[in-house]
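A.B. asks: So here's upload-v2.cif, just mmCIF, C-alpha atoms and all ligand atoms:
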data_data
#
loop_
_atom_site.label_atom_id
_atom_site.label_comp_id
_atom_site.auth_asym_id
_atom_site.auth_seq_id
_atom_site.Cartn_x
_atom_site.Cartn_y
_atom_site.Cartn_z
CA MET E 56 12.70 -13.56 -44.87
CA PRO E 57 10.49 -14.34 -41.82
CA SER E 58 8.91 -11.28 -40.21
CA LEU E 59 10.34 -10.12 -36.87
CA PRO E 60 8.53 -11.24 -33.71
CA PHE E 61 6.41 -8.39 -32.35
CA TRP E 62 8.70 -7.62 -29.40
CA LYS E 63 11.59 -6.76 -31.72
CA ASN E 64 9.70 -3.60 -32.59
CA ASP E 65 10.36 -2.43 -29.06
CA MET E 66 13.64 -1.35 -27.55
CA SER E 67 16.17 -4.16 -27.41
CA ASP E 68 16.29 -4.18 -23.59
CA ALA E 69 12.61 -5.12 -23.29
CA ILE E 70 12.29 -8.15 -21.03
CA ILE E 71 8.52 -8.43 -20.70
CA SER E 72 6.25 -7.73 -23.64
CA LEU E 73 2.50 -8.13 -23.77
CA LYS E 74 0.63 -7.23 -26.90
CA ASP E 75 -3.15 -6.87 -27.13
CA VAL E 76 -3.70 -9.40 -24.36
CA SER E 77 -7.29 -10.19 -23.40
CA PHE E 78 -8.32 -12.61 -20.69
CA ARG E 79 -11.69 -13.81 -19.45
CA TYR E 80 -12.74 -16.18 -16.70
CA GLU E 81 -15.62 -17.87 -18.53
CA GLU E 82 -17.96 -14.97 -19.42
CA HIS E 83 -16.17 -12.41 -17.28
CA LEU E 84 -13.78 -10.23 -19.31
CA VAL E 85 -10.99 -9.18 -16.93
CA LEU E 86 -8.28 -7.84 -19.27
CA LYS E 87 -9.00 -6.17 -22.58
CA ASP E 88 -6.30 -5.49 -25.18
CA VAL E 89 -3.55 -4.93 -22.65
CA SER E 90 -0.14 -4.02 -24.07
CA LEU E 91 2.87 -3.49 -21.85
CA THR E 92 6.62 -3.48 -22.28
CA VAL E 93 8.88 -3.70 -19.25
CA HIS E 94 12.52 -2.78 -19.77
CA GLU E 95 15.64 -4.00 -18.02
CA GLN E 96 16.28 -2.25 -14.68
CA GLU E 97 12.84 -0.68 -14.54
CA PHE E 98 10.96 -0.38 -11.25
CA LEU E 99 7.41 -0.60 -12.52
CA GLY E 100 4.28 -0.25 -10.40
CA ILE E 101 0.98 -1.78 -11.46
CA VAL E 102 -1.95 -0.15 -9.70
CA GLY E 103 -5.71 -0.49 -9.94
CA PRO E 104 -8.81 -0.96 -7.82
CA ASN E 105 -9.90 -4.31 -6.36
CA GLY E 106 -10.78 -6.80 -9.04
CA SER E 107 -9.18 -4.78 -11.85
CA GLY E 108 -7.14 -7.75 -13.02
CA LYS E 109 -3.71 -7.09 -11.45
CA SER E 110 -3.11 -10.61 -10.13
CA THR E 111 -4.50 -12.06 -13.35
CA LEU E 112 -1.98 -10.02 -15.33
CA LEU E 113 0.89 -11.29 -13.15
CA LYS E 114 -0.29 -14.89 -13.53
CA ILE E 115 -0.22 -14.45 -17.31
CA MET E 116 3.38 -13.18 -17.12
CA LEU E 117 4.29 -16.21 -15.02
CA GLY E 118 2.64 -18.62 -17.44
CA LEU E 119 0.08 -19.75 -14.83
CA LEU E 120 -2.77 -18.49 -17.02
CA GLU E 121 -2.94 -18.34 -20.78
CA PRO E 122 -4.70 -15.39 -22.42
CA GLN E 123 -7.43 -16.16 -24.93
CA LYS E 124 -6.06 -13.41 -27.15
CA GLY E 125 -2.77 -11.58 -27.65
CA GLU E 126 0.93 -12.34 -27.35
CA VAL E 127 3.17 -12.64 -24.32
CA SER E 128 6.95 -12.71 -24.50
CA ILE E 129 9.30 -12.91 -21.49
CA PHE E 130 13.01 -12.61 -22.27
CA GLY E 131 12.10 -13.23 -25.90
CA THR E 132 10.49 -16.58 -25.14
CA THR E 133 7.34 -18.04 -23.57
CA PRO E 134 6.46 -17.41 -19.89
CA ALA E 135 6.89 -21.14 -19.17
CA GLU E 136 10.40 -21.19 -20.67
CA ALA E 137 11.37 -18.02 -18.83
CA ARG E 138 9.91 -19.11 -15.49
CA LEU E 139 13.23 -19.68 -13.70
CA ARG E 140 14.44 -16.20 -14.60
CA ILE E 141 11.58 -14.65 -12.64
CA GLY E 142 11.39 -14.37 -8.87
CA TYR E 143 7.76 -14.26 -7.74
CA VAL E 144 6.50 -13.08 -4.38
CA PRO E 145 2.80 -14.05 -4.11
CA GLN E 146 0.16 -12.22 -2.13
CA PHE E 147 0.73 -12.58 1.57
CA ALA E 148 -2.77 -13.92 2.14
CA THR E 149 -2.07 -16.95 -0.05
CA PHE E 150 0.86 -17.99 2.13
CA ASP E 151 0.29 -20.31 5.10
CA ARG E 152 2.49 -18.82 7.80
CA ASN E 153 1.56 -21.51 10.30
CA PHE E 154 3.36 -24.17 8.33
CA PRO E 155 5.99 -25.73 10.67
CA ILE E 156 9.13 -24.77 8.77
CA SER E 157 12.17 -22.59 9.45
CA VAL E 158 13.22 -19.41 7.69
CA ARG E 159 16.14 -21.21 5.98
CA GLU E 160 13.93 -24.07 4.75
CA THR E 161 11.46 -21.55 3.33
CA VAL E 162 14.18 -19.71 1.43
CA LEU E 163 15.60 -23.02 0.17
CA GLN E 164 12.23 -23.72 -1.50
CA GLY E 165 13.22 -20.98 -3.94
CA ARG E 166 15.96 -23.34 -5.21
CA LEU E 167 13.52 -26.12 -6.13
CA GLY E 168 13.38 -25.32 -9.83
CA LYS E 169 17.17 -24.97 -10.04
CA THR E 170 18.44 -28.00 -8.17
CA ARG E 171 18.20 -31.79 -8.52
CA LEU E 172 14.92 -33.34 -7.47
CA ILE E 173 16.40 -36.35 -5.69
CA GLY E 174 19.07 -36.37 -2.99
CA GLY E 175 18.28 -33.13 -1.25
CA TYR E 176 19.73 -29.68 -1.55
CA ARG E 177 23.37 -29.21 -2.52
CA ARG E 178 25.96 -27.01 -0.89
CA GLN E 179 25.39 -24.42 -3.60
CA ASP E 180 21.70 -24.26 -2.71
CA TYR E 181 22.53 -23.54 0.93
CA GLN E 182 24.99 -20.86 -0.17
CA ARG E 183 22.41 -19.17 -2.40
CA ALA E 184 19.81 -19.30 0.35
CA GLN E 185 22.29 -17.76 2.78
CA GLN E 186 23.16 -14.99 0.31
CA ALA E 187 19.48 -14.25 -0.23
CA LEU E 188 18.91 -14.03 3.52
CA GLU E 189 21.87 -11.68 3.87
CA GLU E 190 20.50 -9.52 1.10
CA VAL E 191 17.22 -9.03 2.97
CA GLU E 192 19.14 -8.60 6.24
CA LEU E 193 17.68 -11.64 7.99
CA ALA E 194 20.67 -14.00 8.12
CA ASP E 195 20.57 -14.14 11.91
CA LEU E 196 16.99 -15.46 11.85
CA ALA E 197 17.74 -18.45 9.59
CA LYS E 198 16.83 -21.07 12.19
CA ARG E 199 13.73 -19.37 13.48
CA PRO E 200 10.34 -20.95 12.72
CA LEU E 201 8.14 -18.92 10.39
CA THR E 202 5.48 -18.77 13.06
CA ALA E 203 7.82 -16.60 15.17
CA LEU E 204 8.23 -13.81 12.63
CA SER E 205 6.60 -10.41 12.39
CA GLY E 206 4.64 -9.55 9.23
CA GLY E 207 7.49 -7.43 7.88
CA GLN E 208 10.07 -10.16 8.56
CA LEU E 209 7.90 -12.75 6.86
CA GLN E 210 7.59 -10.53 3.80
CA ARG E 211 11.40 -10.28 3.64
CA VAL E 212 11.69 -14.07 3.89
CA LEU E 213 9.32 -14.41 0.93
CA ILE E 214 11.47 -11.94 -1.00
CA ALA E 215 14.59 -13.97 -0.06
CA ARG E 216 12.86 -17.14 -1.29
CA ALA E 217 12.23 -15.42 -4.64
CA LEU E 218 15.86 -14.22 -4.76
CA ALA E 219 17.27 -17.68 -4.06
CA CYS E 220 16.66 -18.76 -7.67
CA GLN E 221 18.86 -15.84 -8.80
CA PRO E 222 16.18 -14.19 -10.88
CA GLU E 223 16.68 -11.33 -13.31
CA VAL E 224 13.29 -9.86 -12.57
CA LEU E 225 11.36 -9.74 -9.32
CA ILE E 226 7.56 -9.67 -9.43
CA LEU E 227 5.68 -8.91 -6.22
CA ASP E 228 1.91 -9.03 -5.68
CA GLU E 229 0.89 -6.51 -2.99
CA PRO E 230 4.04 -7.00 -0.91
CA THR E 231 3.00 -4.60 1.83
CA ALA E 232 -0.77 -5.07 1.99
CA HIS E 233 -0.68 -6.54 5.50
CA ILE E 234 2.09 -4.63 7.19
CA ASP E 235 2.17 -1.26 8.83
CA PRO E 236 3.44 1.87 7.05
CA LYS E 237 6.82 2.07 8.82
CA ILE E 238 7.68 -1.50 7.87
CA GLU E 239 6.28 -0.89 4.40
CA GLU E 240 8.90 1.78 3.88
CA GLY E 241 11.65 -0.66 4.86
CA VAL E 242 10.38 -3.22 2.33
CA PHE E 243 10.33 -0.62 -0.45
CA GLU E 244 13.83 0.61 0.49
CA LEU E 245 14.94 -3.00 0.12
CA LEU E 246 13.23 -3.24 -3.29
CA LYS E 247 14.91 -0.01 -4.33
CA ARG E 248 18.30 -1.51 -3.43
CA LEU E 249 17.48 -4.71 -5.32
CA ASN E 250 16.46 -2.61 -8.30
CA GLN E 251 20.11 -1.59 -8.69
CA ARG E 252 20.72 -5.06 -10.09
CA LEU E 253 17.24 -6.40 -10.91
CA THR E 254 14.14 -5.35 -12.77
CA VAL E 255 11.30 -4.96 -10.25
CA LEU E 256 7.59 -5.09 -10.95
CA VAL E 257 5.25 -4.51 -8.05
CA VAL E 258 1.47 -4.61 -7.79
CA SER E 259 -0.01 -2.22 -5.26
CA HIS E 260 -3.21 -0.49 -4.25
CA ASP E 261 -1.27 2.38 -2.85
CA ILE E 262 -0.23 4.55 -5.75
CA GLY E 263 0.49 7.54 -3.52
CA PHE E 264 3.12 5.64 -1.62
CA ILE E 265 4.77 3.70 -4.42
CA THR E 266 5.31 6.74 -6.68
CA ARG E 267 8.18 7.62 -4.35
CA TYR E 268 10.02 4.52 -5.49
CA ILE E 269 8.88 3.47 -8.95
CA THR E 270 10.00 4.90 -12.28
CA ARG E 271 6.76 4.26 -14.16
CA VAL E 272 3.24 3.28 -13.26
CA ALA E 273 0.83 1.08 -15.20
CA CYS E 274 -2.78 1.88 -14.27
CA LEU E 275 -5.01 -1.12 -14.79
CA ASN E 276 -8.76 -1.25 -14.85
CA ARG E 277 -9.50 -3.94 -17.42
CA THR E 278 -7.48 -1.83 -19.89
CA LEU E 279 -4.03 -0.52 -19.07
CA VAL E 280 -2.41 2.90 -19.41
CA CYS E 281 1.22 3.64 -18.50
CA HIS E 282 2.49 6.91 -17.09
CA ALA E 283 5.85 8.24 -16.03
CA THR E 284 5.71 8.82 -12.27
CA SER E 285 6.07 12.57 -12.79
CA GLU E 286 2.86 12.69 -14.86
CA ILE E 287 0.55 11.30 -12.19
CA THR E 288 -2.17 13.65 -11.02
CA GLY E 289 -5.05 13.38 -8.60
CA GLU E 290 -7.46 13.57 -11.53
CA MET E 291 -5.85 10.54 -13.09
CA ILE E 292 -6.24 8.58 -9.88
CA GLU E 293 -9.86 9.62 -9.58
CA GLN E 294 -10.55 8.35 -13.09
CA LEU E 295 -8.80 5.08 -12.38
CA TYR E 296 -10.58 4.41 -9.12
CA GLY E 297 -13.89 5.83 -10.30
CA GLY E 298 -14.18 8.35 -7.49
CA PRO E 299 -12.20 10.30 -4.93
CA LEU E 300 -9.51 8.21 -3.35
CA ARG E 301 -9.76 8.44 0.40
CA ALA E 302 -7.25 5.89 1.48
CA VAL E 303 -3.96 7.23 0.16
CA HIS E 304 -1.86 7.26 3.27
CA HIS E 305 1.62 8.54 4.21
CA ASP E 306 2.67 12.04 3.20
CA THR E 307 1.62 11.38 -0.34
CA ILE E 308 2.10 13.75 -3.23
CA LEU E 309 -1.47 13.09 -4.35
CA HIS E 310 -4.62 14.76 -3.16
CA THR E 311 -8.08 14.10 -4.46
CA HIS E 312 -11.25 15.88 -3.39
N1 LIG E 401 -10.27 -18.22 -10.78
C1 LIG E 401 -11.16 -17.26 -11.03
N2 LIG E 401 -12.35 -17.61 -11.55
C2 LIG E 401 -13.29 -16.67 -11.84
N3 LIG E 401 -13.11 -15.34 -11.63
C3 LIG E 401 -11.94 -14.95 -11.10
C4 LIG E 401 -10.91 -15.89 -10.77
N4 LIG E 401 -9.86 -15.21 -10.26
C5 LIG E 401 -10.21 -13.92 -10.26
N5 LIG E 401 -11.46 -13.75 -10.76
C6 LIG E 401 -12.15 -12.48 -10.95
O1 LIG E 401 -11.43 -11.71 -11.91
C7 LIG E 401 -11.38 -10.34 -11.55
C8 LIG E 401 -9.93 -9.89 -11.45
O2 LIG E 401 -9.31 -10.56 -10.38
P1 LIG E 401 -7.81 -10.26 -9.95
O3 LIG E 401 -7.52 -11.11 -8.76
O4 LIG E 401 -6.93 -10.38 -11.15
O5 LIG E 401 -7.92 -8.72 -9.56
P2 LIG E 401 -6.95 -7.82 -8.67
O6 LIG E 401 -6.87 -6.51 -9.35
O7 LIG E 401 -5.67 -8.56 -8.43
O8 LIG E 401 -7.80 -7.72 -7.32
P3 LIG E 401 -7.33 -7.40 -5.81
O9 LIG E 401 -6.81 -6.01 -5.82
O10 LIG E 401 -8.60 -7.53 -5.05
O11 LIG E 401 -6.29 -8.43 -5.45
C9 LIG E 401 -12.15 -10.23 -10.23
O12 LIG E 401 -13.47 -9.81 -10.52
C10 LIG E 401 -12.15 -11.64 -9.68
O13 LIG E 401 -13.29 -11.90 -8.91
#
Could you write out this file's structure as structure tokens?
Ligand SMILES: Nc1ncnc2c1ncn2[C@@H]1O[C@H](COP(=O)(O)OP(=O)(O)OP(=O)(O)O)[C@@H](O)[C@H]1O
C.D. replies:
Amino acid sequence: MPSLPFWKNDMSDAIISLKDVSFRYEEHLVLKDVSLTVHEQEFLGIVGPNGSGKSTLLKIMLGLLEPQKGEVSIFGTTPAEARLRIGYVPQFATFDRNFPISVRETVLQGRLGKTRLIGGYRRQDYQRAQQALEEVELADLAKRPLTALSGGQLQRVLIARALACQPEVLILDEPTAHIDPKIEEGVFELLKRLNQRLTVLVVSHDIGFITRYITRVACLNRTLVCHATSEITGEMIEQLYGGPLRAVHHDTILHTH
């Protein structure tokens, strides 16, 4: 009898499984023996200092990068095969907001992998885009050009674009890095609502803030350690960031000295 694939050793509702994954850019080892299982309906935070490999880890889950070592399974298959089941919201900085395009057209781009390539979008695509805009509470801005949006509105549009492909998991890379704290709260309240029907995985620098929303945190600094939110202490943060953390804002539960 063939042996079970490695992810079958985990709970049956595991949707993302990485086992002993290592990745290097040429000589530079960025991830070392990273193992992680994400379960259905989780709201997982991935935190770590600059350059600790967070975006690299996401790109591996999305099949954009292939690890030199280890195994990656998404919904029991390869990242490439599972791609359309994942909604991805890239880092804000990588998005050209001056592109002359409307909110609706941006959200429709999320349908590209799901619709026909020739002949334009179908009625169903417009319906899905409309639903996604309603879900992020921006339906009345559908015709507005992207250039006329605030940072928080733009972030919601990018979330709507990811939702338009009807994903089962939403992966966001620093969704609130460039918006102010009040708006940040609104974005995380939205993610919390979406988490009622979707698995959510979010990369953030701001562990103090996100612990209010997430169920579990994965601390990455080349290697990865997971903690239940309730276990997080200032000492742990200090170890992760290699020194006292000065920039935890909001009325955070964490204090380091
Ligand atoms: N294409 C690349 N070629 C070579 N090195 C890279 C490449 N992309 C990233 N790196 C390096 O790999 C390391 C990890 O980068 P990565 O972007 O995954 O970190 P991060 O934790 O997401 O950082 P940040 O918090 O600054 O976004 C960094 O030292 C970075 O300079």
A.B. asks: How would you report the residues lying within 9 Å of ligand LIG 401 (chain E), as a ChimeraX atom specification, if you count all atoms listed in the file?
C.D. replies: /E:79-81,83-86,102-114,146,228-229,258-260,275-277
A.B. asks: Can you tell me which residues surround Gly168 (chain E) at a distance of at most 10 Å, considering all atoms listed in the file, apart from same-chain residues fewer than 5 positions away, and format the answer as a ChimeraX atom specification?
C.D. replies: /E:138-139,220
A.B. asks: Counting all atoms listed in the file, which of E:Ile141, E:Leu99, E:Ile70, E:Leu91 gets nearest to Thr284 (chain E)?
C.D. replies: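 Among the listed residues, E:Leu99 lies closest to Thr284 (chain E).
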A.B. asks: Tell me, in Å to one decimal, how far CA of Asn153 (chain E) is from CA of Thr202 (chain E).
C.D. replies: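 Interatomic distance, CA of Asn153 (chain E) to CA of Thr202 (chain E): 5.5 Å.
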A.B. asks: For CA of Gln123 (chain E) and CA of Gln96 (chain E), determine how far apart the two atoms are, in Å to one decimal place.
C.D. replies: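 CA of Gln96 (chain E) lies 29.3 Å from CA of Gln123 (chain E).
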A.B. asks: Can I get the residues of region 113-230 of chain E within 6 Å of region 248-257 of chain E, each with the closest pair of atoms and their distance in Å to one decimal, using all atoms listed in the file, sorted chain first then ascending number, as a tab-separated table?
C.D. replies:
residue	atom	partner	partner_atom	distance
E:Glu223	CA	E:Leu253	CA	5.5
E:Val224	CA	E:Thr254	CA	4.6
E:Leu225	CA	E:Val255	CA	4.9
E:Ile226	CA	E:Leu256	CA	4.8
E:Leu227	CA	E:Val257	CA	4.8
A.B. asks: Provide the CA of Gly175 (chain E) to CA of Ala197 (chain E) distance in Å, to one decimal place.
C.D. replies: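 Taking CA of Gly175 (chain E) as the start and CA of Ala197 (chain E) as the end point, the length is 18.3 Å.
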A.B. asks: Could you give me, as a short mmCIF file (atom, residue, chain, number, x, y, z; two decimals) with C-alpha atoms, in the frame of the given file, the residues within 10 Å of Lys74 (chain E), counting all atoms listed in the file and dropping anything in the same chain fewer than 6 positions from it?
C.D. replies:
data_model
loop_
_atom_site.label_atom_id
_atom_site.label_comp_id
_atom_site.auth_asym_id
_atom_site.auth_seq_id
_atom_site.Cartn_x
_atom_site.Cartn_y
_atom_site.Cartn_z
CA PHE E 61 6.41 -8.39 -32.35
CA TRP E 62 8.70 -7.62 -29.40
CA ASP E 88 -6.30 -5.49 -25.18
CA VAL E 89 -3.55 -4.93 -22.65
CA SER E 90 -0.14 -4.02 -24.07
CA LEU E 91 2.87 -3.49 -21.85
CA THR E 92 6.62 -3.48 -22.28
CA LYS E 124 -6.06 -13.41 -27.15
CA GLY E 125 -2.77 -11.58 -27.65
CA GLU E 126 0.93 -12.34 -27.35
CA VAL E 127 3.17 -12.64 -24.32
CA SER E 128 6.95 -12.71 -24.50
#
A.B. asks: Find the residue from E:Asp180, E:Glu189, E:Glu239, E:Glu160 that sits nearest to Leu201 (chain E); use only C-alpha atoms when measuring.
C.D. replies: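 Under the stated criterion, the closest residue is E:Glu160.
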A.B. asks: Would you kindly return, as a list of chain:residue names, each protein, DNA or RNA residue with an atom no farther than 8 Å from any atom of Ala217 (chain E), considering all atoms listed in the file and excluding same-chain residues fewer than 3 positions away?
C.D. replies: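 Selected residues are E:Gly142, E:Tyr143, E:Val144, E:Val162, E:Gly165, E:Leu213, E:Ile214, E:Cys220, E:Gln221, E:Pro222, E:Leu225.
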A.B. asks: Excluding same-chain residues fewer than 3 positions from Ala194 (chain E), what lies within 12 Å of it counting all atoms listed in the file, as a VMD selection string?
C.D. replies: chain E and resid 158 to 159 162 182 to 191 197 to 199 208 211 to 212 215
A.B. asks: Between E:Ile156, E:Pro230, E:Cys274, E:Val76, which residue has the minimum interatomic distance to Ala203 (chain E), considering all atoms listed in the file?
C.D. replies: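 Nearest to Ala203 (chain E): E:Ile156.
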A.B. asks: Nearest to His94 (chain E): which of E:Ser157, E:Ala137, E:Glu192, E:Phe130 is it, counting only C-alpha atoms?
C.D. replies: E:Phe130
A.B. asks: For each of E:Glu95, E:Asp235, E:Leu120, E:Ser77, take the minimum atom-to-atom distance to Thr270 (chain E), counting only C-alpha atoms, then give the residue where this is smallest.
C.D. replies: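 Ranked by minimum distance to Thr270 (chain E), first place goes to E:Glu95.
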A.B. asks: Could you tell me which of E:Pro200, E:Arg166, E:Glu240, E:Glu286 comes closest to Ala273 (chain E) if we count only C-alpha atoms?
C.D. replies: E:Glu286
